[in-house]
>>> print(open('target-v7.cif').read())   # mmCIF, C-alpha atoms
data_final
#
loop_
_atom_site.label_atom_id
_atom_site.label_comp_id
_atom_site.auth_asym_id
_atom_site.auth_seq_id
_atom_site.Cartn_x
_atom_site.Cartn_y
_atom_site.Cartn_z
CA MET A 117 25.19 -13.16 -2.04
CA SER A 118 23.87 -9.97 -0.48
CA SER A 119 20.42 -8.54 -1.17
CA ILE A 120 18.47 -5.48 -0.06
CA VAL A 121 14.69 -5.16 -0.28
CA PHE A 122 12.63 -1.98 -0.06
CA THR A 123 8.91 -2.47 0.36
CA HIS A 124 5.68 -0.84 1.50
CA GLY A 125 4.41 -1.35 5.04
CA ASP A 126 0.87 -2.49 4.17
CA CYS A 127 -0.34 -6.06 3.68
CA ASP A 128 0.64 -6.33 0.01
CA GLY A 129 4.02 -4.73 0.68
CA ILE A 130 4.79 -7.02 3.60
CA CYS A 131 3.64 -10.14 1.74
CA SER A 132 5.56 -9.30 -1.45
CA GLY A 133 8.64 -8.49 0.65
CA ALA A 134 8.25 -11.83 2.46
CA ILE A 135 8.08 -13.68 -0.86
CA VAL A 136 11.29 -11.99 -2.03
CA LYS A 137 13.03 -12.78 1.28
CA SER A 138 11.95 -16.41 0.95
CA ALA A 139 13.61 -16.50 -2.49
CA LEU A 140 16.64 -14.48 -1.34
CA PRO A 141 17.12 -15.46 2.33
CA ASP A 142 20.15 -13.18 2.75
CA SER A 143 17.94 -10.10 2.21
CA THR A 144 17.98 -7.06 4.47
CA VAL A 145 14.51 -5.48 4.41
CA PHE A 146 13.56 -1.82 4.79
CA PHE A 147 10.12 -0.20 4.69
CA THR A 148 9.77 3.00 2.71
CA SER A 149 7.41 5.18 0.67
CA PRO A 150 7.29 6.72 -2.82
CA VAL A 151 8.59 10.11 -1.70
CA SER A 152 11.48 8.51 0.22
CA MET A 153 12.52 5.93 -2.38
CA LEU A 154 15.10 8.04 -4.20
CA GLY A 155 16.74 9.06 -0.93
CA GLU A 156 16.92 5.43 0.19
CA LEU A 157 18.71 4.45 -3.01
CA ASN A 158 21.12 7.39 -2.75
CA ASN A 159 22.04 6.21 0.76
CA ILE A 160 22.99 2.66 -0.27
CA ASP A 161 26.56 2.38 1.01
CA LYS A 162 27.78 -0.81 -0.71
CA ASN A 163 27.26 -2.93 -3.79
CA TYR A 164 24.50 -5.52 -3.40
CA ASP A 165 24.04 -8.53 -5.64
CA ASN A 166 20.28 -7.89 -5.66
CA ILE A 167 18.22 -4.74 -5.11
CA VAL A 168 14.49 -5.46 -5.03
CA ILE A 169 11.71 -2.88 -4.63
CA CYS A 170 8.13 -4.00 -3.98
CA ASP A 171 4.82 -2.14 -4.03
CA ILE A 172 6.30 1.38 -4.07
CA ALA A 173 4.50 3.74 -6.45
CA ILE A 174 6.64 5.95 -8.70
CA ASP A 175 6.74 9.48 -7.28
CA GLU A 176 5.97 11.81 -10.15
CA LYS A 177 8.18 14.64 -8.90
CA THR A 178 11.32 12.50 -8.60
CA SER A 179 10.64 9.95 -11.34
CA THR A 180 13.36 11.17 -13.72
CA HIS A 181 16.06 11.12 -11.04
CA LEU A 182 14.76 7.80 -9.70
CA GLU A 183 15.05 6.15 -13.10
CA LYS A 184 18.56 7.49 -13.59
CA LYS A 185 19.65 6.19 -10.16
CA LEU A 186 18.15 2.75 -10.77
CA ASN A 187 19.89 2.50 -14.14
CA GLU A 188 23.18 3.30 -12.43
CA LEU A 189 22.58 0.63 -9.79
CA ALA A 190 21.59 -1.88 -12.47
CA GLU A 191 25.12 -1.68 -13.88
CA VAL A 192 26.55 -3.36 -10.75
CA SER A 193 23.52 -5.13 -9.20
CA THR A 194 20.50 -7.12 -10.31
CA VAL A 195 17.65 -4.66 -9.89
CA VAL A 196 14.01 -5.78 -9.71
CA TYR A 197 11.28 -3.15 -9.29
CA ILE A 198 7.78 -4.65 -8.78
CA ASP A 199 4.78 -2.34 -8.84
CA HIS A 200 1.13 -2.10 -9.84
CA HIS A 201 0.26 1.57 -9.28
CA PRO A 202 -0.60 3.94 -12.15
CA LEU A 203 2.56 5.35 -13.73
CA PRO A 204 3.66 8.91 -14.51
CA GLU A 205 3.36 9.78 -18.17
CA ASN A 206 7.13 10.17 -18.59
CA TRP A 207 8.09 6.84 -16.99
CA TYR A 208 10.25 4.61 -19.17
CA HIS A 209 9.88 0.81 -18.84
CA SER A 210 13.40 -0.47 -18.23
CA ASP A 211 14.30 -4.16 -18.20
CA TRP A 212 14.38 -4.16 -14.40
CA PHE A 213 10.84 -2.76 -14.08
CA TYR A 214 7.92 -5.18 -13.64
CA HIS A 215 4.46 -3.66 -13.76
CA ASP A 216 1.03 -5.27 -13.87
CA ASN A 217 -2.47 -4.57 -12.61
CA CYS A 218 -2.33 -7.47 -10.14
CA SER A 219 -0.93 -7.23 -6.60
CA ALA A 220 2.78 -6.88 -5.96
CA SER A 221 2.56 -10.17 -4.04
CA GLU A 222 1.29 -12.10 -7.05
CA GLN A 223 3.96 -10.54 -9.26
CA ALA A 224 6.71 -11.30 -6.74
CA TYR A 225 5.69 -14.95 -6.62
CA ARG A 226 5.71 -15.24 -10.43
CA ILE A 227 9.09 -13.49 -10.80
CA PHE A 228 10.83 -15.61 -8.13
CA GLU A 229 8.76 -18.80 -8.52
CA ARG A 230 11.74 -21.04 -9.34
CA LYS A 231 13.31 -20.22 -5.98
CA LEU A 232 10.14 -20.63 -3.94
CA SER A 233 8.18 -23.36 -2.27
CA ARG A 234 4.79 -23.80 -3.93
CA ASP A 235 3.22 -23.12 -0.54
CA MET A 236 4.42 -19.50 -0.73
CA ARG A 237 1.45 -18.96 -3.01
CA ARG A 238 -0.51 -18.74 0.22
CA VAL A 239 1.42 -15.62 1.21
CA ALA A 240 0.74 -14.16 -2.24
CA ILE A 241 -2.96 -14.80 -1.65
CA TYR A 242 -2.87 -12.87 1.65
CA GLY A 243 -1.28 -9.92 -0.16
CA ALA A 244 -3.83 -10.04 -2.97
CA ILE A 245 -6.73 -10.10 -0.51
CA GLY A 246 -5.23 -7.18 1.40
CA ASP A 247 -4.90 -5.22 -1.84
CA PHE A 248 -8.40 -6.02 -3.17
CA SER A 249 -6.67 -7.67 -6.13
CA GLN A 250 -7.82 -11.25 -6.43
CA THR A 251 -7.18 -12.08 -10.07
CA ALA A 252 -8.31 -15.25 -11.82
CA SER A 253 -4.88 -16.75 -11.05
CA VAL A 254 -5.14 -15.98 -7.34
CA LYS A 255 -8.64 -17.45 -7.20
CA LYS A 256 -7.27 -20.58 -8.85
CA TRP A 257 -4.50 -20.80 -6.25
CA GLU A 258 -7.12 -20.51 -3.50
CA HIS A 259 -8.47 -23.93 -4.51
CA ASP A 260 -5.42 -25.56 -2.88
CA TRP A 261 -6.56 -24.49 0.59
CA ASP A 262 -9.76 -24.22 2.59
CA ILE A 263 -10.78 -20.74 1.49
CA ARG A 264 -12.42 -20.06 4.88
CA THR A 265 -9.08 -20.60 6.61
CA LEU A 266 -7.31 -18.44 4.03
CA TYR A 267 -9.66 -15.55 4.71
CA PHE A 268 -9.29 -15.99 8.47
CA TYR A 269 -5.50 -15.90 8.16
CA ALA A 270 -5.61 -12.93 5.76
CA GLY A 271 -8.04 -11.03 7.98
CA ALA A 272 -5.90 -11.59 11.08
CA LEU A 273 -2.81 -10.48 9.17
CA ILE A 274 -4.45 -7.34 7.77
CA GLN A 275 -5.81 -6.27 11.16
CA GLY A 276 -2.54 -7.05 12.93
CA ILE A 277 -0.58 -4.98 10.40
CA THR A 278 -3.09 -2.15 10.82
CA TYR A 279 -2.54 -2.21 14.58
CA ALA A 280 1.25 -2.20 14.13
CA GLY A 281 1.06 1.19 12.41
CA ARG A 282 4.58 2.66 12.25
CA ASP A 283 6.17 -0.07 14.37
CA TYR A 284 8.44 -1.21 11.56
CA ASP A 285 10.47 -3.53 13.78
CA TYR A 286 7.35 -5.56 14.47
CA LYS A 287 6.33 -5.42 10.82
CA ARG A 288 9.77 -6.79 9.94
CA ARG A 289 9.21 -9.70 12.34
CA ILE A 290 5.88 -10.38 10.63
CA LEU A 291 7.61 -10.32 7.24
CA ASP A 292 10.35 -12.67 8.42
CA ALA A 293 7.79 -15.15 9.74
CA LEU A 294 5.78 -15.03 6.52
CA SER A 295 8.96 -15.63 4.50
CA GLU A 296 9.09 -19.03 6.22
CA ASP A 297 5.39 -19.61 5.41
CA MET A 298 4.39 -19.37 9.06
CA PRO A 299 0.58 -19.08 9.39
CA PRO A 300 -0.34 -15.62 10.67
CA ILE A 301 -2.02 -16.96 13.81
CA ARG A 302 1.33 -18.47 14.85
CA ILE A 303 3.19 -15.17 14.58
CA GLU A 304 3.85 -13.92 18.09
CA GLY A 305 1.40 -11.22 19.16
CA LEU A 306 -0.36 -10.96 15.80
CA LEU A 307 -3.71 -12.47 16.76
CA GLU A 308 -3.89 -10.35 19.91
CA ALA A 309 -3.07 -7.25 17.85
CA ALA A 310 -5.76 -8.17 15.32
CA ILE A 311 -8.37 -8.42 18.08
CA ILE A 312 -7.43 -4.99 19.46
CA ALA A 313 -7.50 -3.50 15.96
CA SER A 314 -10.94 -4.95 15.29
CA ARG A 315 -12.29 -3.46 18.51
CA LYS A 316 -10.80 -0.08 17.63
CA GLU A 317 -12.24 -0.28 14.13
CA GLU A 318 -15.73 -0.63 15.59
CA GLU A 319 -15.11 2.46 17.75
CA ILE A 320 -13.92 4.36 14.68
CA ARG A 321 -16.98 3.27 12.72
CA ILE A 322 -19.21 4.82 15.39
CA GLN A 323 -17.15 8.04 15.44
CA VAL A 324 -17.39 8.36 11.67
CA ARG A 325 -21.16 7.94 11.77
CA GLN A 326 -21.36 10.83 14.26
CA LYS A 327 -18.88 13.19 12.53
CA VAL A 328 -19.27 12.57 8.80
CA VAL A 329 -19.87 15.64 6.61
CA LYS A 330 -21.64 15.12 3.28
CA LEU A 331 -21.09 17.16 0.13
CA ARG A 332 -22.74 16.25 -3.18
CA ASN A 333 -20.46 13.44 -4.28
CA LEU A 334 -18.13 12.87 -1.35
CA ALA A 335 -18.33 12.52 2.40
CA TYR A 336 -15.44 13.22 4.76
CA VAL A 337 -14.32 13.12 8.38
CA ILE A 338 -11.50 15.06 10.03
CA ASP A 339 -9.14 13.87 12.77
CA ILE A 340 -10.67 10.54 13.64
CA ASN A 341 -7.14 9.65 14.79
CA GLY A 342 -6.62 6.17 13.52
CA TYR A 343 -7.04 3.71 10.67
CA MET A 344 -7.50 6.31 7.97
CA SER A 345 -8.38 3.93 5.14
CA LYS A 346 -11.09 2.31 7.22
CA ALA A 347 -12.47 5.70 8.27
CA ALA A 348 -12.64 6.69 4.59
CA ILE A 349 -14.60 3.53 3.76
CA TYR A 350 -17.10 4.21 6.53
CA ALA A 351 -17.36 7.90 5.59
CA ALA A 352 -18.55 6.86 2.13
CA SER A 353 -20.97 4.39 3.67
CA PHE A 354 -22.52 6.63 6.31
CA GLY A 355 -22.48 9.63 3.96
CA ASP A 356 -24.06 7.55 1.21
CA ALA A 357 -21.47 9.07 -1.10
CA LEU A 358 -19.47 8.05 -4.15
CA VAL A 359 -16.21 8.79 -2.34
CA GLY A 360 -15.21 8.69 1.31
CA ILE A 361 -12.29 10.69 2.74
CA SER A 362 -10.51 10.61 6.08
CA CYS A 363 -8.38 13.69 6.85
CA GLU A 364 -5.68 13.74 9.54
CA TYR A 365 -3.82 16.93 10.50
CA ARG A 366 -0.01 16.78 10.73
CA PRO A 367 0.85 19.85 12.88
CA HIS A 368 4.63 19.62 12.40
CA LYS A 369 4.18 20.01 8.63
CA HIS A 370 0.98 22.12 8.60
CA VAL A 371 -0.68 19.71 6.18
CA TYR A 372 -3.54 17.24 6.10
CA ASP A 373 -2.93 13.67 5.01
CA LEU A 374 -5.93 12.15 3.28
CA SER A 375 -7.03 8.59 2.66
CA ILE A 376 -9.60 8.41 -0.14
CA ARG A 377 -11.80 5.49 -1.14
CA LEU A 378 -14.20 5.07 -4.06
CA ARG A 379 -17.43 3.37 -3.05
CA ASN A 380 -18.72 2.62 -6.53
CA SER A 381 -16.98 2.36 -9.88
CA GLY A 382 -17.42 4.85 -12.68
CA VAL A 383 -14.60 7.37 -12.19
CA ASP A 384 -10.80 7.12 -12.17
CA LEU A 385 -9.92 8.44 -8.74
CA ASN A 386 -6.18 8.47 -9.44
CA THR A 387 -6.48 10.74 -12.48
CA ILE A 388 -8.79 13.18 -10.71
CA LEU A 389 -6.59 13.34 -7.59
CA ARG A 390 -3.41 14.04 -9.54
CA ARG A 391 -5.07 17.02 -11.21
CA VAL A 392 -6.99 18.54 -8.29
CA THR A 393 -4.25 18.19 -5.67
CA LEU A 394 -1.72 20.06 -7.82
CA SER A 395 -4.04 23.05 -8.12
CA HIS A 396 -4.01 23.34 -4.31
CA GLY A 397 -0.28 22.96 -3.77
CA GLY A 398 -0.53 19.33 -2.74
CA THR A 399 0.26 15.88 -4.03
CA GLY A 400 -1.98 12.89 -4.57
CA GLY A 401 -2.81 9.81 -6.55
CA GLY A 402 -3.05 6.07 -6.21
CA HIS A 403 -5.36 3.55 -7.81
CA PRO A 404 -8.55 4.19 -9.78
CA PHE A 405 -10.54 3.04 -6.72
CA ALA A 406 -8.32 4.19 -3.83
CA GLY A 407 -5.79 6.93 -3.26
CA GLY A 408 -4.13 9.32 -0.90
CA ALA A 409 -3.19 12.98 -0.82
CA ARG A 410 -1.30 15.56 1.19
CA ILE A 411 -2.87 19.03 1.19
CA PRO A 412 -1.66 22.27 2.86
CA GLU A 413 -3.72 23.11 5.93
CA LYS A 414 -5.18 26.33 4.50
CA GLU A 415 -6.23 24.61 1.27
CA LEU A 416 -8.20 21.69 2.71
CA ALA A 417 -11.71 23.16 2.52
CA ALA A 418 -11.20 24.48 -1.02
CA PHE A 419 -9.66 21.18 -2.11
CA LEU A 420 -12.60 19.14 -0.80
CA HIS A 421 -15.10 21.31 -2.64
CA ASP A 422 -13.09 21.26 -5.89
CA LEU A 423 -12.73 17.49 -5.66
CA ASP A 424 -16.46 17.23 -5.09
CA ASP A 425 -17.04 19.25 -8.27
CA ALA A 426 -14.53 17.12 -10.22
CA LEU A 427 -16.32 13.94 -9.20
CA SER A 428 -19.41 15.22 -10.98
#
>>> encode(input="target-v7.cif", output="structure tokens")
Amino acid sequence: MSSIVFTHGDCDGICSGAIVKSALPDSTVFFTSPVSMLGELNNIDKNYDNIVICDIAIDEKTSTHLEKKLNELAEVSTVVYIDHHPLPENWYHSDWFYHDNCSASEQAYRIFERKLSRDMRRVAIYGAIGDFSQTASVKKWEHDWDIRTLYFYAGALIQGITYAGRDYDYKRRILDALSEDMPPIRIEGLLEAAIIASRKEEEIRIQVRQKVVKLRNLAYVIDINGYMSKAAIYAASFGDALVGISCEYRPHKHVYDLSIRLRNSGVDLNTILRRVTLSHGGTGGGHPFAGGARIPEKELAAFLHDLDDALS
């Protein structure tokens, strides 16, 4: 059998991809993103027995074409699409689409459970912790291990993945090791990378405290140059704001990429982002408590103020 897996490059994506590879050891794994997913599928150059997609949100602009392509592929391959992000209004739930509010890692374990060692639940737990998605089921699974060790392993994995950034070859080695249920601290170079990442995070925390700008409901930083999601968390903290935002300029595209984190519940960040970004020529969305956006350079200031108003 031949299998291909497309997954996200964060902790939940790597863990869910590792679970699938454990169930389908012949899998070739690629890391991708929502905006690239349709192109990846169009470039598949042979018939695979299994095509599995993990933790990739449905891109609203290409959703119709994406669904059509997946239906075509499902005629010759077993397609499994696992996701937990909010869906576009026009998305149709096909038989190959699995969607729940829990992490992609937990879903992947449940879907492929018959082909997995019971110990692979541990990898699902790492993914759930990394995605802030510890359901009642995950908490029940945690009882089979010393929870302090689980959190140490998960923390090392999350920090090591953060340090890896866009080094997808190394992320693939991490995924391969996890697919064999190798403890993160035994993965070559991971613990050292986690230590470096933790040191850099402390430096970023200090930078954010010095540079944070506070509006009424949100606080933001620009060009901290690293670990955007963490910078957004600390922007909310030091700005004592409902929402924290980290903005990074991408000069080759003349846009800002934003990581956005909700500090307290009470608003649906995903819904607000989808609406406000479109009015400024950008794209955005995510979860109710965390999201991302891409905004044209000239629109950033106006977008931040309009988002601040929307959060009211």
>>> resolve_selection(input="target-v7.cif", expression="the PyMOL selection byres ((chain A and resi 274-284) around 8)", output="ChimeraX atom specification")
/A:125-127,147,246,270-273,285-288,306-314,343
>>> closest_atom_pairs(input="target-v7.cif", of="region 318-370 of chain A", to="region 394-413 of chain A", cutoff="10 Å", atoms="all atoms listed in the file", output="JSON lines")
{"residue": "A:Met344", "atom": "CA", "partner": "A:Gly408", "partner_atom": "CA", "distance": 10.0}
{"residue": "A:Ser345", "atom": "CA", "partner": "A:Ala406", "partner_atom": "CA", "distance": 9.0}
{"residue": "A:Ala348", "atom": "CA", "partner": "A:Ala406", "partner_atom": "CA", "distance": 9.8}
{"residue": "A:Ile349", "atom": "CA", "partner": "A:Ala406", "partner_atom": "CA", "distance": 9.9}
{"residue": "A:Val359", "atom": "CA", "partner": "A:Phe405", "partner_atom": "CA", "distance": 9.2}
{"residue": "A:Gly360", "atom": "CA", "partner": "A:Ala406", "partner_atom": "CA", "distance": 9.7}
{"residue": "A:Ile361", "atom": "CA", "partner": "A:Gly408", "partner_atom": "CA", "distance": 9.0}
{"residue": "A:Ser362", "atom": "CA", "partner": "A:Gly408", "partner_atom": "CA", "distance": 9.5}
{"residue": "A:Cys363", "atom": "CA", "partner": "A:Arg410", "partner_atom": "CA", "distance": 9.3}
{"residue": "A:Glu364", "atom": "CA", "partner": "A:Arg410", "partner_atom": "CA", "distance": 9.6}
{"residue": "A:Tyr365", "atom": "CA", "partner": "A:Glu413", "partner_atom": "CA", "distance": 7.7}
{"residue": "A:Arg366", "atom": "CA", "partner": "A:Glu413", "partner_atom": "CA", "distance": 8.8}
{"residue": "A:Pro367", "atom": "CA", "partner": "A:Glu413", "partner_atom": "CA", "distance": 8.9}
{"residue": "A:Lys369", "atom": "CA", "partner": "A:Pro412", "partner_atom": "CA", "distance": 8.5}
{"residue": "A:His370", "atom": "CA", "partner": "A:Glu413", "partner_atom": "CA", "distance": 5.5}
>>> atom_distance(input="target-v7.cif", atom1="CA of Asn386 (chain A)", atom2="CA of Lys256 (chain A)")
29.1 Å
>>> atom_distance(input="target-v7.cif", atom1="CA of Asn158 (chain A)", atom2="CA of Asp199 (chain A)")
20.0 Å
>>> residues_around(input="target-v7.cif", residues="region 164-171 of chain A", least_positions_apart="2", cutoff="7 Å", atoms="only C-alpha atoms", output="PDB file with C-alpha atoms, in the frame of the given file")
ATOM      1  CA  MET A 117      25.190 -13.160  -2.040  1.00  0.00           C
ATOM      2  CA  SER A 118      23.870  -9.970  -0.480  1.00  0.00           C
ATOM      3  CA  SER A 119      20.420  -8.540  -1.170  1.00  0.00           C
ATOM      4  CA  ILE A 120      18.470  -5.480  -0.060  1.00  0.00           C
ATOM      5  CA  VAL A 121      14.690  -5.160  -0.280  1.00  0.00           C
ATOM      6  CA  PHE A 122      12.630  -1.980  -0.060  1.00  0.00           C
ATOM      7  CA  THR A 123       8.910  -2.470   0.360  1.00  0.00           C
ATOM      8  CA  HIS A 124       5.680  -0.840   1.500  1.00  0.00           C
ATOM      9  CA  GLY A 129       4.020  -4.730   0.680  1.00  0.00           C
ATOM     10  CA  SER A 132       5.560  -9.300  -1.450  1.00  0.00           C
ATOM     11  CA  GLY A 133       8.640  -8.490   0.650  1.00  0.00           C
ATOM     12  CA  LYS A 162      27.780  -0.810  -0.710  1.00  0.00           C
ATOM     13  CA  ALA A 173       4.500   3.740  -6.450  1.00  0.00           C
ATOM     14  CA  SER A 193      23.520  -5.130  -9.200  1.00  0.00           C
ATOM     15  CA  THR A 194      20.500  -7.120 -10.310  1.00  0.00           C
ATOM     16  CA  VAL A 195      17.650  -4.660  -9.890  1.00  0.00           C
ATOM     17  CA  VAL A 196      14.010  -5.780  -9.710  1.00  0.00           C
ATOM     18  CA  TYR A 197      11.280  -3.150  -9.290  1.00  0.00           C
ATOM     19  CA  ILE A 198       7.780  -4.650  -8.780  1.00  0.00           C
ATOM     20  CA  ASP A 199       4.780  -2.340  -8.840  1.00  0.00           C
ATOM     21  CA  HIS A 200       1.130  -2.100  -9.840  1.00  0.00           C
ATOM     22  CA  ALA A 220       2.780  -6.880  -5.960  1.00  0.00           C
TER      23      ALA A 220
END
>>> residues_around(input="target-v7.cif", residues="Pro204 (chain A)", least_positions_apart="2", cutoff="6 Å", atoms="only C-alpha atoms", output="PyMOL selection string")
chain A and resi 176+206-207
>>> closest_residue(input="target-v7.cif", among="A:His259, A:His215, A:Arg289, A:His368", to="Val145 (chain A)", atoms="only C-alpha atoms")
A:Arg289
>>> atom_distance(input="target-v7.cif", atom1="CA of Ala426 (chain A)", atom2="CA of Tyr208 (chain A)")
29.2 Å
>>> resolve_selection(input="target-v7.cif", expression="the PyMOL selection byres ((chain A and resi 420) around 10)", output="JSON list (two decimals) with C-alpha atoms, keeping the file's coordinate frame")
[["chain", "number", "residue", "atom", "x", "y", "z"],
["A", 331, "LEU", "CA", -21.09, 17.16, 0.13],
["A", 334, "LEU", "CA", -18.13, 12.87, -1.35],
["A", 335, "ALA", "CA", -18.33, 12.52, 2.40],
["A", 336, "TYR", "CA", -15.44, 13.22, 4.76],
["A", 361, "ILE", "CA", -12.29, 10.69, 2.74],
["A", 392, "VAL", "CA", -6.99, 18.54, -8.29],
["A", 393, "THR", "CA", -4.25, 18.19, -5.67],
["A", 411, "ILE", "CA", -2.87, 19.03, 1.19],
["A", 415, "GLU", "CA", -6.23, 24.61, 1.27],
["A", 416, "LEU", "CA", -8.20, 21.69, 2.71],
["A", 417, "ALA", "CA", -11.71, 23.16, 2.52],
["A", 418, "ALA", "CA", -11.20, 24.48, -1.02],
["A", 419, "PHE", "CA", -9.66, 21.18, -2.11],
["A", 421, "HIS", "CA", -15.10, 21.31, -2.64],
["A", 422, "ASP", "CA", -13.09, 21.26, -5.89],
["A", 423, "LEU", "CA", -12.73, 17.49, -5.66],
["A", 424, "ASP", "CA", -16.46, 17.23, -5.09],
["A", 425, "ASP", "CA", -17.04, 19.25, -8.27],
["A", 426, "ALA", "CA", -14.53, 17.12, -10.22]]
>>> axis_aligned_box(input="target-v7.cif", around="region 392-407 of chain A", padding_each_side="6 Å", output="AutoDock Vina command-line options")
--center_x -5.1 --center_y 13.2 --center_z -6.3 --size_x 22.8 --size_y 32.3 --size_z 19.0
>>> closest_residue(input="target-v7.cif", among="A:Tyr372, A:Phe228, A:Tyr242, A:Tyr350", to="Val254 (chain A)", atoms="all atoms listed in the file")
A:Tyr242
>>> resolve_selection(input="target-v7.cif", expression="the PyMOL selection byres ((chain A and resi 330) around 10)", output="list in words")
Lys327, Val328, Val329, Leu331, Arg332, Asn333, Leu334, Ala335, Tyr336, Val337, Ala351, Ala352, Phe354, Gly355, Asp356, Ala357 and Gly360 of chain A
>>> write_last_selection(input="target-v7.cif", atoms="C-alpha atoms", output="PDB file, in the coordinates of the input")
ATOM      1  CA  LYS A 327     -18.880  13.190  12.530  1.00  0.00           C
ATOM      2  CA  VAL A 328     -19.270  12.570   8.800  1.00  0.00           C
ATOM      3  CA  VAL A 329     -19.870  15.640   6.610  1.00  0.00           C
ATOM      4  CA  LEU A 331     -21.090  17.160   0.130  1.00  0.00           C
ATOM      5  CA  ARG A 332     -22.740  16.250  -3.180  1.00  0.00           C
ATOM      6  CA  ASN A 333     -20.460  13.440  -4.280  1.00  0.00           C
ATOM      7  CA  LEU A 334     -18.130  12.870  -1.350  1.00  0.00           C
ATOM      8  CA  ALA A 335     -18.330  12.520   2.400  1.00  0.00           C
ATOM      9  CA  TYR A 336     -15.440  13.220   4.760  1.00  0.00           C
ATOM     10  CA  VAL A 337     -14.320  13.120   8.380  1.00  0.00           C
ATOM     11  CA  ALA A 351     -17.360   7.900   5.590  1.00  0.00           C
ATOM     12  CA  ALA A 352     -18.550   6.860   2.130  1.00  0.00           C
ATOM     13  CA  PHE A 354     -22.520   6.630   6.310  1.00  0.00           C
ATOM     14  CA  GLY A 355     -22.480   9.630   3.960  1.00  0.00           C
ATOM     15  CA  ASP A 356     -24.060   7.550   1.210  1.00  0.00           C
ATOM     16  CA  ALA A 357     -21.470   9.070  -1.100  1.00  0.00           C
ATOM     17  CA  GLY A 360     -15.210   8.690   1.310  1.00  0.00           C
TER      18      GLY A 360
END
>>> decode(input="target-v7.cif", residues="region 379-392 of chain A", atoms="N, CA and C atoms", output="short mmCIF file (atom, residue, chain, number, x, y, z; two decimals), in the first residue's frame")
data_model
loop_
_atom_site.label_atom_id
_atom_site.label_comp_id
_atom_site.auth_asym_id
_atom_site.auth_seq_id
_atom_site.Cartn_x
_atom_site.Cartn_y
_atom_site.Cartn_z
N ARG A 379 -7.14 36.61 25.48
CA ARG A 379 -6.70 36.39 26.86
C ARG A 379 -7.82 35.88 27.75
N ASN A 380 -9.01 36.37 27.53
CA ASN A 380 -10.18 35.95 28.30
C ASN A 380 -11.30 35.59 27.35
N SER A 381 -12.19 34.72 27.78
CA SER A 381 -13.30 34.32 26.93
C SER A 381 -14.34 35.44 26.87
N GLY A 382 -15.33 35.26 26.00
CA GLY A 382 -16.40 36.23 25.91
C GLY A 382 -16.69 36.69 24.51
N VAL A 383 -15.72 36.54 23.59
CA VAL A 383 -15.95 36.89 22.19
C VAL A 383 -15.47 35.74 21.32
N ASP A 384 -15.99 35.66 20.09
CA ASP A 384 -15.56 34.66 19.13
C ASP A 384 -14.56 35.32 18.19
N LEU A 385 -13.28 35.11 18.47
CA LEU A 385 -12.23 35.78 17.72
C LEU A 385 -12.28 35.41 16.24
N ASN A 386 -12.56 34.15 15.95
CA ASN A 386 -12.60 33.70 14.56
C ASN A 386 -13.62 34.48 13.73
N THR A 387 -14.82 34.62 14.26
CA THR A 387 -15.89 35.32 13.53
C THR A 387 -15.54 36.78 13.29
N ILE A 388 -14.99 37.43 14.31
CA ILE A 388 -14.62 38.84 14.18
C ILE A 388 -13.50 39.02 13.16
N LEU A 389 -12.49 38.14 13.21
CA LEU A 389 -11.36 38.25 12.29
C LEU A 389 -11.79 38.09 10.84
N ARG A 390 -12.64 37.09 10.58
CA ARG A 390 -13.08 36.85 9.20
C ARG A 390 -13.75 38.09 8.62
N ARG A 391 -14.50 38.79 9.45
CA ARG A 391 -15.22 39.97 8.97
C ARG A 391 -14.30 41.18 8.81
N VAL A 392 -13.49 41.47 9.82
CA VAL A 392 -12.68 42.70 9.80
C VAL A 392 -11.53 42.60 8.80
#
